[in-house]
Each structure stands twice: as structure tokens, then as C-alpha cells.
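Printed here is final08.txt (compact mmCIF, C-alpha atoms):
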```txt
# COMPACT_ATOMS: atom_id res chain seq x y z
CA MET A 1 -65.72 -13.07 -10.39
CA PRO A 2 -67.99 -12.60 -13.40
CA ALA A 3 -69.78 -15.72 -14.60
CA ILE A 4 -68.33 -17.19 -17.82
CA GLU A 5 -70.05 -19.51 -20.25
CA LEU A 6 -68.73 -23.09 -20.05
CA THR A 7 -66.65 -23.38 -23.23
CA ASN A 8 -63.34 -24.86 -22.06
CA PRO A 9 -63.74 -28.01 -19.88
CA ALA A 10 -59.94 -28.24 -19.39
CA ALA A 11 -60.03 -25.05 -17.29
CA LEU A 12 -62.23 -26.83 -14.71
CA PRO A 13 -61.03 -28.85 -11.74
CA ALA A 14 -61.35 -32.53 -12.74
CA ASP A 15 -64.52 -34.33 -11.73
CA TRP A 16 -64.07 -37.02 -9.05
CA ARG A 17 -65.42 -39.59 -11.51
CA ASP A 18 -62.43 -38.89 -13.75
CA PHE A 19 -60.05 -39.71 -10.89
CA LEU A 20 -61.96 -42.96 -10.44
CA ALA A 21 -61.67 -43.66 -14.19
CA LEU A 22 -57.88 -43.15 -13.93
CA THR A 23 -57.69 -46.23 -11.69
CA LYS A 24 -59.16 -48.46 -14.46
CA PRO A 25 -61.79 -50.04 -12.16
CA ARG A 26 -62.80 -52.63 -14.77
CA VAL A 27 -59.28 -54.05 -14.89
CA MET A 28 -59.14 -54.03 -11.10
CA TYR A 29 -61.73 -56.81 -10.67
CA LEU A 30 -59.32 -59.52 -11.76
CA VAL A 31 -56.46 -58.10 -9.69
CA VAL A 32 -58.61 -57.91 -6.56
CA PHE A 33 -60.08 -61.34 -7.16
CA THR A 34 -56.74 -63.10 -7.66
CA GLY A 35 -55.28 -61.24 -4.65
CA LEU A 36 -58.24 -62.34 -2.53
CA CYS A 37 -57.85 -65.92 -3.71
CA GLY A 38 -54.13 -65.86 -2.83
CA LEU A 39 -55.06 -64.68 0.64
CA LEU A 40 -57.89 -67.21 1.09
CA ALA A 41 -55.76 -70.10 -0.17
CA ALA A 42 -53.12 -69.44 2.49
CA PRO A 43 -52.86 -71.93 5.36
CA VAL A 44 -53.47 -69.22 7.97
CA LEU A 45 -55.97 -66.41 7.73
CA PRO A 46 -55.39 -62.96 9.22
CA PRO A 47 -58.17 -61.18 11.16
CA ALA A 48 -60.90 -60.10 8.74
CA VAL A 49 -60.08 -56.40 8.94
CA LEU A 50 -56.41 -57.04 8.11
CA GLY A 51 -57.38 -59.30 5.21
CA PHE A 52 -59.76 -56.61 3.97
CA THR A 53 -57.01 -53.99 4.27
CA ALA A 54 -54.56 -56.19 2.35
CA ILE A 55 -57.03 -56.54 -0.54
CA LEU A 56 -57.82 -52.82 -0.36
CA CYS A 57 -54.09 -52.06 -0.65
CA ILE A 58 -53.76 -54.38 -3.66
CA ALA A 59 -56.71 -52.56 -5.28
CA LEU A 60 -55.23 -49.14 -4.48
CA GLY A 61 -51.85 -50.26 -5.83
CA ALA A 62 -53.53 -51.44 -9.04
CA GLY A 63 -55.34 -48.09 -9.21
CA ALA A 64 -52.03 -46.28 -8.85
CA CYS A 65 -50.62 -48.36 -11.73
CA GLY A 66 -53.63 -47.44 -13.88
CA ALA A 67 -53.28 -43.73 -13.10
CA LEU A 68 -49.52 -43.65 -13.74
CA ASN A 69 -49.97 -45.69 -16.93
CA GLN A 70 -52.56 -43.19 -18.20
CA TRP A 71 -50.36 -40.28 -17.17
CA TYR A 72 -47.41 -41.66 -19.14
CA GLU A 73 -49.42 -42.83 -22.16
CA ALA A 74 -51.79 -39.87 -22.55
CA ASP A 75 -50.41 -39.06 -26.01
CA LEU A 76 -50.66 -42.69 -27.17
CA ASP A 77 -54.17 -43.06 -25.74
CA ALA A 78 -55.31 -40.10 -27.83
CA LYS A 79 -54.38 -42.04 -30.98
CA MET A 80 -56.40 -45.17 -30.15
CA ARG A 81 -60.18 -45.30 -30.48
CA ARG A 82 -60.43 -47.66 -27.49
CA THR A 83 -58.67 -45.19 -25.16
CA ALA A 84 -59.33 -41.76 -26.69
CA LYS A 85 -62.19 -41.01 -24.28
CA ARG A 86 -60.05 -41.46 -21.15
CA PRO A 87 -59.84 -38.35 -18.90
CA LEU A 88 -56.37 -37.21 -20.06
CA PRO A 89 -56.63 -37.60 -23.86
CA ASP A 90 -60.17 -36.21 -23.72
CA GLY A 91 -58.89 -33.06 -21.97
CA ARG A 92 -60.98 -33.51 -18.82
CA MET A 93 -57.95 -33.51 -16.53
CA ASP A 94 -54.44 -32.07 -16.57
CA ARG A 95 -51.48 -34.47 -16.55
CA GLN A 96 -49.98 -33.19 -13.34
CA SER A 97 -53.15 -34.06 -11.39
CA ALA A 98 -52.98 -37.61 -12.74
CA LEU A 99 -49.29 -37.90 -11.79
CA HIS A 100 -49.85 -36.60 -8.26
CA PHE A 101 -52.88 -38.85 -7.81
CA GLY A 102 -51.01 -41.94 -9.04
CA VAL A 103 -47.87 -41.36 -6.96
CA GLY A 104 -49.92 -40.50 -3.87
CA LEU A 105 -52.05 -43.61 -4.24
CA ALA A 106 -48.95 -45.79 -4.72
CA PHE A 107 -47.23 -44.49 -1.58
CA PHE A 108 -50.42 -44.72 0.46
CA SER A 109 -51.15 -48.32 -0.59
CA VAL A 110 -47.61 -49.53 0.19
CA LEU A 111 -47.47 -47.73 3.54
CA LEU A 112 -50.88 -49.01 4.62
CA MET A 113 -50.00 -52.56 3.53
CA GLY A 114 -46.80 -52.46 5.61
CA LEU A 115 -48.50 -51.06 8.69
CA ALA A 116 -51.57 -53.30 8.54
CA THR A 117 -50.06 -56.65 7.48
CA ASN A 118 -46.30 -57.05 7.07
CA TRP A 119 -43.46 -55.29 5.28
CA LEU A 120 -42.66 -58.24 2.99
CA ALA A 121 -46.15 -57.89 1.47
CA ALA A 122 -45.55 -54.12 1.21
CA ILE A 123 -42.23 -54.73 -0.59
CA PHE A 124 -43.95 -57.07 -3.07
CA LEU A 125 -46.70 -54.48 -3.61
CA ALA A 126 -44.10 -51.73 -4.21
CA ALA A 127 -42.18 -54.05 -6.56
CA SER A 128 -45.33 -54.82 -8.57
CA ILE A 129 -46.19 -51.10 -8.94
CA LEU A 130 -42.62 -50.20 -9.95
CA PHE A 131 -42.45 -53.16 -12.33
CA TYR A 132 -45.71 -52.20 -14.02
CA VAL A 133 -44.90 -48.51 -14.34
CA LEU A 134 -41.16 -48.48 -15.00
CA VAL A 135 -40.38 -51.87 -16.57
CA TYR A 136 -43.61 -52.47 -18.51
CA THR A 137 -45.13 -49.05 -19.31
CA VAL A 138 -41.99 -46.93 -19.71
CA TRP A 139 -39.38 -49.44 -20.86
CA LEU A 140 -40.84 -52.52 -22.56
CA LYS A 141 -44.20 -51.51 -24.03
CA PRO A 142 -42.95 -48.93 -26.54
CA ARG A 143 -39.82 -50.94 -27.46
CA THR A 144 -40.44 -54.65 -27.91
CA PRO A 145 -43.20 -56.98 -29.14
CA GLN A 146 -42.33 -59.20 -26.16
CA ASN A 147 -43.59 -56.39 -23.86
CA ILE A 148 -46.54 -58.39 -22.64
CA VAL A 149 -44.46 -61.52 -21.97
CA ILE A 150 -42.22 -59.88 -19.38
CA GLY A 151 -44.73 -57.18 -18.41
CA GLY A 152 -47.21 -59.89 -17.47
CA ALA A 153 -45.24 -60.36 -14.28
CA ALA A 154 -46.77 -57.14 -12.91
CA GLY A 155 -50.28 -58.59 -13.08
CA ALA A 156 -49.07 -61.86 -11.58
CA PHE A 157 -48.14 -60.34 -8.24
CA PRO A 158 -51.60 -60.02 -6.55
CA PRO A 159 -52.06 -63.67 -5.42
CA LEU A 160 -48.48 -63.69 -4.17
CA ILE A 161 -49.09 -60.45 -2.24
CA GLY A 162 -52.36 -61.82 -0.83
CA TRP A 163 -50.59 -64.98 0.36
CA VAL A 164 -47.65 -63.07 1.87
CA ALA A 165 -50.04 -60.64 3.59
CA ALA A 166 -51.65 -63.65 5.29
CA THR A 167 -48.59 -65.73 6.10
CA GLY A 168 -45.60 -63.36 6.09
CA HIS A 169 -43.54 -65.67 3.85
CA VAL A 170 -43.33 -67.07 0.31
CA SER A 171 -43.83 -70.74 -0.54
CA ALA A 172 -44.33 -72.97 -3.59
CA LEU A 173 -48.10 -72.50 -4.12
CA PRO A 174 -48.12 -68.68 -4.42
CA LEU A 175 -45.12 -68.90 -6.76
CA LEU A 176 -47.12 -71.30 -8.94
CA LEU A 177 -50.08 -68.90 -8.86
CA PHE A 178 -47.66 -66.19 -9.99
CA ALA A 179 -46.47 -68.46 -12.82
CA ILE A 180 -50.05 -69.23 -13.94
CA ILE A 181 -50.95 -65.54 -14.39
CA PHE A 182 -47.53 -64.78 -15.88
CA LEU A 183 -48.02 -67.45 -18.57
CA TRP A 184 -51.72 -66.67 -19.01
CA THR A 185 -51.10 -62.99 -19.85
CA PRO A 186 -49.53 -63.41 -23.35
CA PRO A 187 -52.32 -65.55 -24.88
CA HIS A 188 -54.93 -63.34 -23.19
CA PHE A 189 -53.50 -60.04 -24.49
CA TRP A 190 -52.42 -61.34 -27.88
CA ALA A 191 -55.98 -62.61 -28.52
CA LEU A 192 -57.20 -59.06 -27.80
CA SER A 193 -54.42 -57.40 -29.79
CA LEU A 194 -55.30 -59.48 -32.87
CA PHE A 195 -58.73 -57.89 -33.24
CA VAL A 196 -57.70 -54.37 -32.13
CA ARG A 197 -54.31 -54.37 -33.87
CA SER A 198 -55.19 -51.34 -36.04
CA ASP A 199 -55.40 -49.32 -32.80
CA TYR A 200 -51.94 -50.46 -31.66
CA SER A 201 -50.56 -49.90 -35.13
CA ALA A 202 -51.96 -46.35 -35.23
CA ALA A 203 -50.37 -45.60 -31.85
CA GLY A 204 -47.01 -47.11 -32.89
CA ILE A 205 -47.01 -49.68 -30.08
CA PRO A 206 -45.02 -52.74 -31.21
CA MET A 207 -47.54 -55.39 -30.19
CA LEU A 208 -46.81 -58.84 -31.62
CA PRO A 209 -49.50 -58.79 -34.39
CA VAL A 210 -48.20 -55.41 -35.58
CA VAL A 211 -44.52 -56.46 -35.65
CA ALA A 212 -44.52 -60.23 -36.29
CA GLY A 213 -47.83 -60.55 -38.13
CA ILE A 214 -51.14 -62.26 -37.47
CA HIS A 215 -50.04 -65.80 -38.33
CA SER A 216 -47.04 -65.71 -36.02
CA THR A 217 -49.15 -64.26 -33.17
CA ARG A 218 -51.70 -67.05 -33.50
CA ARG A 219 -48.93 -69.67 -33.31
CA GLN A 220 -47.42 -67.93 -30.26
CA ILE A 221 -50.83 -67.93 -28.54
CA LEU A 222 -50.99 -71.71 -28.84
CA LEU A 223 -47.33 -72.14 -27.83
CA TYR A 224 -47.75 -70.04 -24.67
CA SER A 225 -51.02 -71.78 -23.78
CA LEU A 226 -49.16 -75.09 -23.34
CA PRO A 227 -46.85 -74.03 -20.46
CA MET A 228 -49.77 -72.06 -19.00
CA ALA A 229 -51.88 -75.24 -18.86
CA ALA A 230 -48.92 -77.12 -17.34
CA ALA A 231 -48.49 -74.41 -14.69
CA ALA A 232 -52.23 -74.57 -13.95
CA MET A 233 -51.89 -78.31 -13.28
CA GLY A 234 -48.75 -77.74 -11.18
CA PRO A 235 -50.43 -77.16 -7.78
CA TRP A 236 -52.25 -80.49 -8.06
CA LEU A 237 -49.32 -82.45 -9.54
CA LEU A 238 -47.09 -81.24 -6.71
CA GLY A 239 -49.65 -82.27 -4.12
CA LEU A 240 -50.34 -78.69 -3.00
CA THR A 241 -54.06 -78.90 -3.76
CA GLY A 242 -56.70 -81.60 -3.78
CA PRO A 243 -58.62 -83.44 -6.53
CA ILE A 244 -61.32 -80.75 -6.86
CA TYR A 245 -58.71 -78.31 -8.12
CA GLY A 246 -56.93 -80.96 -10.18
CA GLY A 247 -60.09 -82.09 -12.02
CA CYS A 248 -61.43 -78.58 -12.65
CA ALA A 249 -58.02 -77.22 -13.71
CA ALA A 250 -57.67 -80.09 -16.20
CA VAL A 251 -61.09 -79.40 -17.78
CA LEU A 252 -60.66 -75.61 -17.81
CA SER A 253 -57.16 -75.85 -19.30
CA PHE A 254 -58.26 -78.39 -21.92
CA VAL A 255 -61.00 -76.01 -23.13
CA PHE A 256 -58.43 -73.18 -23.17
CA LEU A 257 -56.11 -75.28 -25.35
CA VAL A 258 -58.94 -76.20 -27.73
CA LEU A 259 -59.87 -72.51 -28.15
CA ALA A 260 -56.19 -71.59 -28.61
CA ALA A 261 -55.87 -74.32 -31.28
CA ARG A 262 -58.91 -72.86 -33.08
CA VAL A 263 -57.22 -69.45 -33.02
CA ALA A 264 -54.02 -71.00 -34.39
CA SER A 265 -55.95 -72.57 -37.27
CA ASN A 266 -57.91 -69.41 -38.13
CA SER A 267 -56.68 -67.57 -41.20
CA ALA A 268 -58.98 -64.53 -41.13
CA THR A 269 -57.36 -61.11 -41.27
CA GLU A 270 -60.39 -58.88 -40.69
CA PRO A 271 -61.46 -58.24 -37.06
CA ALA A 272 -65.08 -59.00 -37.99
CA GLU A 273 -64.05 -62.56 -38.89
CA MET A 274 -62.03 -63.16 -35.74
CA ALA A 275 -64.69 -64.99 -33.73
CA PRO A 276 -62.17 -67.59 -32.37
CA GLU A 277 -59.91 -64.78 -31.08
CA LYS A 278 -62.83 -62.99 -29.41
CA LYS A 279 -64.01 -66.27 -27.91
CA LEU A 280 -60.55 -67.06 -26.54
CA PHE A 281 -60.21 -63.56 -25.07
CA ALA A 282 -63.58 -63.82 -23.30
CA TYR A 283 -62.85 -67.38 -22.14
CA SER A 284 -59.39 -66.44 -20.85
CA VAL A 285 -60.97 -64.00 -18.38
CA PHE A 286 -63.46 -66.65 -17.25
CA TYR A 287 -60.63 -69.21 -17.08
CA LEU A 288 -58.58 -67.21 -14.61
CA PHE A 289 -61.61 -66.38 -12.44
CA ALA A 290 -62.74 -70.02 -12.42
CA LEU A 291 -59.27 -71.45 -11.77
CA PHE A 292 -58.68 -69.25 -8.75
CA ALA A 293 -62.22 -69.75 -7.44
CA VAL A 294 -61.71 -73.52 -7.65
CA LEU A 295 -58.37 -73.21 -5.88
CA VAL A 296 -60.06 -71.52 -2.90
CA ALA A 297 -62.99 -73.97 -2.98
CA ASP A 298 -60.54 -76.88 -2.95
CA ARG A 299 -58.57 -75.38 -0.07
CA TRP A 300 -61.71 -74.88 2.04
CA LEU A 301 -63.51 -78.10 1.13
CA THR A 302 -60.56 -80.46 1.45
CA ALA A 303 -58.87 -78.78 4.43
CA MET B 1 -74.26 -23.79 -17.25
CA LYS B 2 -71.90 -21.04 -16.03
CA LEU B 3 -68.23 -21.89 -15.49
CA GLU B 4 -68.31 -20.48 -11.97
CA ASP B 5 -71.24 -22.70 -10.98
CA GLU B 6 -69.59 -25.78 -12.44
CA VAL B 7 -66.30 -25.06 -10.65
CA VAL B 8 -68.10 -24.70 -7.31
CA ARG B 9 -70.14 -27.89 -7.92
CA ARG B 10 -67.03 -29.93 -8.72
CA GLN B 11 -65.09 -28.53 -5.77
CA ARG B 12 -68.00 -29.34 -3.46
CA ASP B 13 -68.29 -32.89 -4.84
CA ARG B 14 -64.56 -33.47 -4.45
CA ALA B 15 -64.58 -32.09 -0.90
CA ARG B 16 -67.44 -34.44 0.01
CA ILE B 17 -65.72 -37.48 -1.46
CA THR B 18 -62.44 -36.59 0.27
CA ALA B 19 -64.24 -36.17 3.61
CA LEU B 20 -65.99 -39.51 3.18
CA LEU B 21 -62.73 -41.29 2.32
CA LEU B 22 -60.89 -39.69 5.24
CA GLY B 23 -63.70 -40.72 7.59
CA ALA B 24 -63.59 -44.29 6.28
CA PHE B 25 -59.80 -44.31 6.68
CA VAL B 26 -60.04 -43.24 10.32
CA VAL B 27 -62.57 -46.02 11.01
CA LEU B 28 -60.33 -48.53 9.19
CA LEU B 29 -57.28 -47.42 11.19
CA PHE B 30 -59.25 -47.87 14.41
CA PHE B 31 -60.16 -51.47 13.54
CA ILE B 32 -56.63 -52.22 12.29
CA THR B 33 -55.26 -51.03 15.64
CA ILE B 34 -57.75 -53.22 17.50
CA ALA B 35 -56.82 -56.24 15.36
CA LYS B 36 -53.06 -55.64 15.67
CA THR B 37 -53.19 -55.27 19.43
CA GLY B 38 -55.17 -58.52 19.66
CA ILE B 39 -58.05 -57.16 21.72
CA ASN B 40 -61.04 -59.55 21.69
CA TRP B 41 -64.49 -58.00 21.94
```

If you took the structure in this file and wrote it as C-alpha cells, what would it be?
Amino acid sequence: MPAIELTNPAALPADWRDFLALTKPRVMYLVVFTGLCGLLAAPVLPPAVLGFTAILCIALGAGACGALNQWYEADLDAKMRRTAKRPLPDGRMDRQSALHFGVGLAFFSVLLMGLATNWLAAIFLAASILFYVLVYTVWLKPRTPQNIVIGGAAGAFPPLIGWVAATGHVSALPLLLFAIIFLWTPPHFWALSLFVRSDYSAAGIPMLPVVAGIHSTRRQILLYSLPMAAAAMGPWLLGLTGPIYGGCAAVLSFVFLVLAARVASNSATEPAEMAPEKKLFAYSVFYLFALFAVLVADRWLTA
Amino acid sequence: MKLEDEVVRRQRDRARITALLLGAFVVLLFFITIAKTGINW
């Protein structure tokens, strides 16, 4: 074959780094961490290799969600500055490769989870992948400003899966952990969507700030933060955790509410003036990490 | 860079990564089997 000058990158087989980028590794940290905490908070621990495999499967499942999300939203991603450089909109990979990669990864993660731990955990993993791809990405996201409210359930599955992988059954604590992430997702994403709303608007995604306006979104952030804080206190109030968790959850949730109140009282419309929103978004990530870390610390120190 | 060279480089990189992942999977399956059968070392 005669050598040709490199002028059309799309004609090349995709680089392995682009497959890795499809899995959204930066988003995966939180999923893996909450899944690990769900597993470590369980009353019984599986052998280390099975625990490792369970977390690996959660990570692979999350990667499959990322790949399938990017496959479905390639056209939308091309319209947003934040996502335009992803492998598909940037033309570094063809869509079919992304679809095959995502579906393959999803099947592999569910099968491995079932074989290594138990089939209830595999069913929850399959449900979370299907929920994220079909219910959130395909159905809700392009249709309703409440997309993130219901879609947040997909991201709430990991601690539940981690717990079920360890114990083989569902109980009150993992359901509360599910509820915490479910209620945490709207204020977290709406804080972000306030200062990148022009991106969502350009792509035609009906995020709350685009449809209901900035003022309404800020009020909703505060409103959703209240049940989230209540859910965060739930494990301690129900006697499922000790005072270490109770005290830390109270302080962490109080700070969250203060930052959410500052967002609610902000009247700025330009992203450059949205310091409270940016602060709340950054803190919300720390909040979830800290809350789950404290949960595990409490379980191990007071056991 | 020539297209042909770049295609070969990417195919080689992908083959290496795939081989590494398959190898790791075999090792993982081995330890999963040991753990599931309850053999103590």
C-alpha cells in the first residue's frame, strides 16, 4: 500500500486513549468511591479479590454508561464547548466503535459481577446501566427539565450495589445511601448548570436554568438541599451508624445548606459573577466524598 | 507522519493493551476461582 500523508484522522483506527476517554474516567472516581464505601460499610466483607472484582465491575459498568452516553449524544456534544473535544464529536472515532465498546463493556461488567459475587448485585448493576442509558440519556434528558431529578437514581446505585455484592441482600442503610445520592444530584448538577447554562441552551437540552430560569433554579437548589440533608442524617437518626457519622454528617450538611442558601440569595446572571454556585458545586463533590468516608470510618471505628 | 505508519502504530498499541487486559483478566479469574472455592493458602 502506498504511504499517504496524514490528512484525515477519522480514517484511522481510534487510539486506545480515546476508548479510555469514552468511559469518562474523571466521573468514575465518585462512582467507584461510593461503591467501595457501600461495600466497606456492609456488616460482612467478602474475600478481598471478590470485593475488588465488585468495585471493578461497578467501574466498568460506569464506563459503559459513559461510552453509551457519548455514543447517543455525539451530535449534542459537538454543540457544547465543554464536550466538543470528546472523541466522537472531534472525529477521532466512529460511532459504531463507541456503541460496540459500550455494549460490550456493559455485558462484561454484569456477567463478571454475577459470576464473582452474586446475581442480585449483577441485576442491580444491569438496572443502573439501563436506567442511565435508556431512562436518563435517551428518554428524560432531552425532554424534561426534571431530567436530573429522576436520572439521579442512576448515580445512586453504586453504594447499593457494593453493599449487595458483600451481603447478597438489601437493607435499610444501603437504601438510605441510595437516597442521599439521589437527593444530592439535583443541587449538585443545577449548581453546575447555572454557570454553564449557555452550553446547555446551545445544545437544546432543557436543563432547569434554561427552561425555568436562574431564579427558580436557585430556589430549587435550596429546596432539594433540605431533604438531602435530612437523608444524610437518616442513618444516624435510625441508629444504623454511630456518633462519628452523626456529628460529621450534621456539620457537613449544615455547611452545604449555608452554601445553598448563599446560592439562593445570589442575583447574578453572568457566569463570572457566580462564585456561590461554583463554590457549592465544588463543595458538593467534597461533601459526598467526606460523608461516605465518614460512614466507613464510623463503621470500622465503632464496630 | 505517514498514514500507514500511524495505522500500524495504533494497531500495535491496541493489540498490546488488549493482550495486557486479557492477561490481567485470566489472573483475576484464577483468584476469583480460588476465593469462590474457599481454598486457604

Check your understanding: Any idea what's packed within 6 Å of stretch 126-136 of chain A, counting all atoms listed in the file, ignoring anything in its chain fewer than 6 positions away? Could you give it as a ChimeraX atom specification?
Key -> /A:65,151,154

With the cut-off set at 9 Å and counting all atoms listed in the file, tabulate each residue of chain B with an atom at most that distance from an atom of chain A, showing the nearest atom pair and its distance in Å to one decimal, ordered by chain and increasing number, as CSV.
```
residue,atom,partner,partner_atom,distance
B:Met1,CA,A:Leu6,CA,6.2
B:Lys2,CA,A:Glu5,CA,4.9
B:Leu3,CA,A:Leu6,CA,4.7
B:Glu4,CA,A:Ala3,CA,5.6
B:Asp5,CA,A:Ala3,CA,8.0
B:Glu6,CA,A:Leu12,CA,7.8
B:Val7,CA,A:Leu12,CA,6.0
B:Arg10,CA,A:Asp15,CA,5.9
B:Gln11,CA,A:Pro13,CA,7.2
B:Asp13,CA,A:Trp16,CA,7.3
B:Arg14,CA,A:Trp16,CA,5.8
B:Ile17,CA,A:Trp16,CA,7.8
B:Leu28,CA,A:Val49,CA,7.9
B:Leu29,CA,A:Ala116,CA,8.6
B:Phe31,CA,A:Val49,CA,6.7
B:Ile32,CA,A:Val49,CA,6.4
B:Thr33,CA,A:Ala116,CA,8.3
B:Ala35,CA,A:Pro47,CA,6.6
B:Lys36,CA,A:Ala116,CA,7.7
```

Exercise for review: Write out as a VMD selection string each polymer residue whose atoms come within 8 Å of A:Tyr72, counting only C-alpha atoms; drop sequence neighbours fewer than 3 positions from it.
Suggested key: chain A and resid 68 to 69 75 137 to 138

Point to revise | Point-to-point distance from atom CA of A:Trp190 to atom CA of A:Leu20, Å rounded to tenths | key: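 It comes out at 27.1 Å.
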
Exercise for review: Report the distance between atom CA of A:Trp236 and atom CA of A:Val294 in Å, rounded to one decimal place.
Suggested key: 11.8 Å

Exercise for review: Compute the distance from (-51.7, -69.3, -19.9) to each atom, counting all atoms listed in the file, keep the residues with any atom at most 12 Å away, and return them as a VMD selection string; use the coordinates of the file.
Suggested key: chain A and resid 149 152 156 177 to 191 220 to 233 249 252 to 257 260 280 to 281 283 to 285 287 to 288 291

Practice item. Select, from A:Gly114, A:Met28, A:Pro271, A:Ser97, the residue with the minimum atom-to-atom distance to A:Asp199, counting all atoms listed in the file. Key: A:Pro271

Check your understanding: Any idea what the distance is between atom CA of A:Ile55 and atom CA of B:Gly38?
Key -> 20.4 Å

**Study point:** Nearest candidate to A:Pro158 (options A:Phe124, A:Phe286, A:Trp139, A:Phe101; using all atoms listed in the file)
**Key:** A:Phe124

Check your understanding: Out of A:Lys141, A:Lys278, A:Arg81, A:Arg86, which residue has the shortest atom-to-atom distance to A:Ala98 when counting all atoms listed in the file?
Key ->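 For A:Ala98, the nearest of the given residues is A:Arg86.
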
Exercise for review: Find the residues around A:Gly168 up to 9 Å (only C-alpha atoms counted), leave out those fewer than 6 positions away in its own chain, and share them as a PyMOL selection string.
Suggested key: chain A and resi 117-121

Check your understanding: Using all atoms listed in the file, can you list as a PyMOL selection string the residues within 12 Å of (-49.5, -32.8, -16.1)?
Key -> chain A and resi 10+67-68+70-75+88-89+91-102

Export of prior selection with C-alpha atoms as a compact mmCIF listing (two decimals), keeping the file's coordinate frame:
```
# COMPACT_ATOMS: atom_id res chain seq x y z
CA ALA A 10 -59.94 -28.24 -19.39
CA ALA A 67 -53.28 -43.73 -13.10
CA LEU A 68 -49.52 -43.65 -13.74
CA GLN A 70 -52.56 -43.19 -18.20
CA TRP A 71 -50.36 -40.28 -17.17
CA TYR A 72 -47.41 -41.66 -19.14
CA GLU A 73 -49.42 -42.83 -22.16
CA ALA A 74 -51.79 -39.87 -22.55
CA ASP A 75 -50.41 -39.06 -26.01
CA LEU A 88 -56.37 -37.21 -20.06
CA PRO A 89 -56.63 -37.60 -23.86
CA GLY A 91 -58.89 -33.06 -21.97
CA ARG A 92 -60.98 -33.51 -18.82
CA MET A 93 -57.95 -33.51 -16.53
CA ASP A 94 -54.44 -32.07 -16.57
CA ARG A 95 -51.48 -34.47 -16.55
CA GLN A 96 -49.98 -33.19 -13.34
CA SER A 97 -53.15 -34.06 -11.39
CA ALA A 98 -52.98 -37.61 -12.74
CA LEU A 99 -49.29 -37.90 -11.79
CA HIS A 100 -49.85 -36.60 -8.26
CA PHE A 101 -52.88 -38.85 -7.81
CA GLY A 102 -51.01 -41.94 -9.04
```

Review point. Which polymer residues have any atom within 10 Å of an atom of A:Val31, counting all atoms listed in the file, with same-chain residues fewer than 6 positions away left out, as an NGL selection string?
Key: :A and (25 or 37 or 55 or 58-59 or 61-62 or 155-159)

Exercise for review: Using all atoms listed in the file, determine which residues lie at most 8 Å from A:Pro276, disregarding the query and same-chain residues fewer than 2 positions distant; provide the list as a PyMOL selection string.
Suggested key: chain A and resi 259+262-263+266+274+278-280

Those residues with C-alpha atoms, as a PDB file, in the frame of the given file please?
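The resulting file, part-v7.pdb, is shown below:
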```
ATOM      1  CA  LEU A 259     -59.870 -72.510 -28.150  1.00  0.00           C
ATOM      2  CA  ARG A 262     -58.910 -72.860 -33.080  1.00  0.00           C
ATOM      3  CA  VAL A 263     -57.220 -69.450 -33.020  1.00  0.00           C
ATOM      4  CA  ASN A 266     -57.910 -69.410 -38.130  1.00  0.00           C
ATOM      5  CA  MET A 274     -62.030 -63.160 -35.740  1.00  0.00           C
ATOM      6  CA  LYS A 278     -62.830 -62.990 -29.410  1.00  0.00           C
ATOM      7  CA  LYS A 279     -64.010 -66.270 -27.910  1.00  0.00           C
ATOM      8  CA  LEU A 280     -60.550 -67.060 -26.540  1.00  0.00           C
TER       9      LEU A 280
END
```

Practice item. Would you please work out which residue, of A:Pro243, A:Gly234, A:Pro43, A:Pro142, is nearest to A:Leu175 when using all atoms listed in the file? Key: A:Gly234
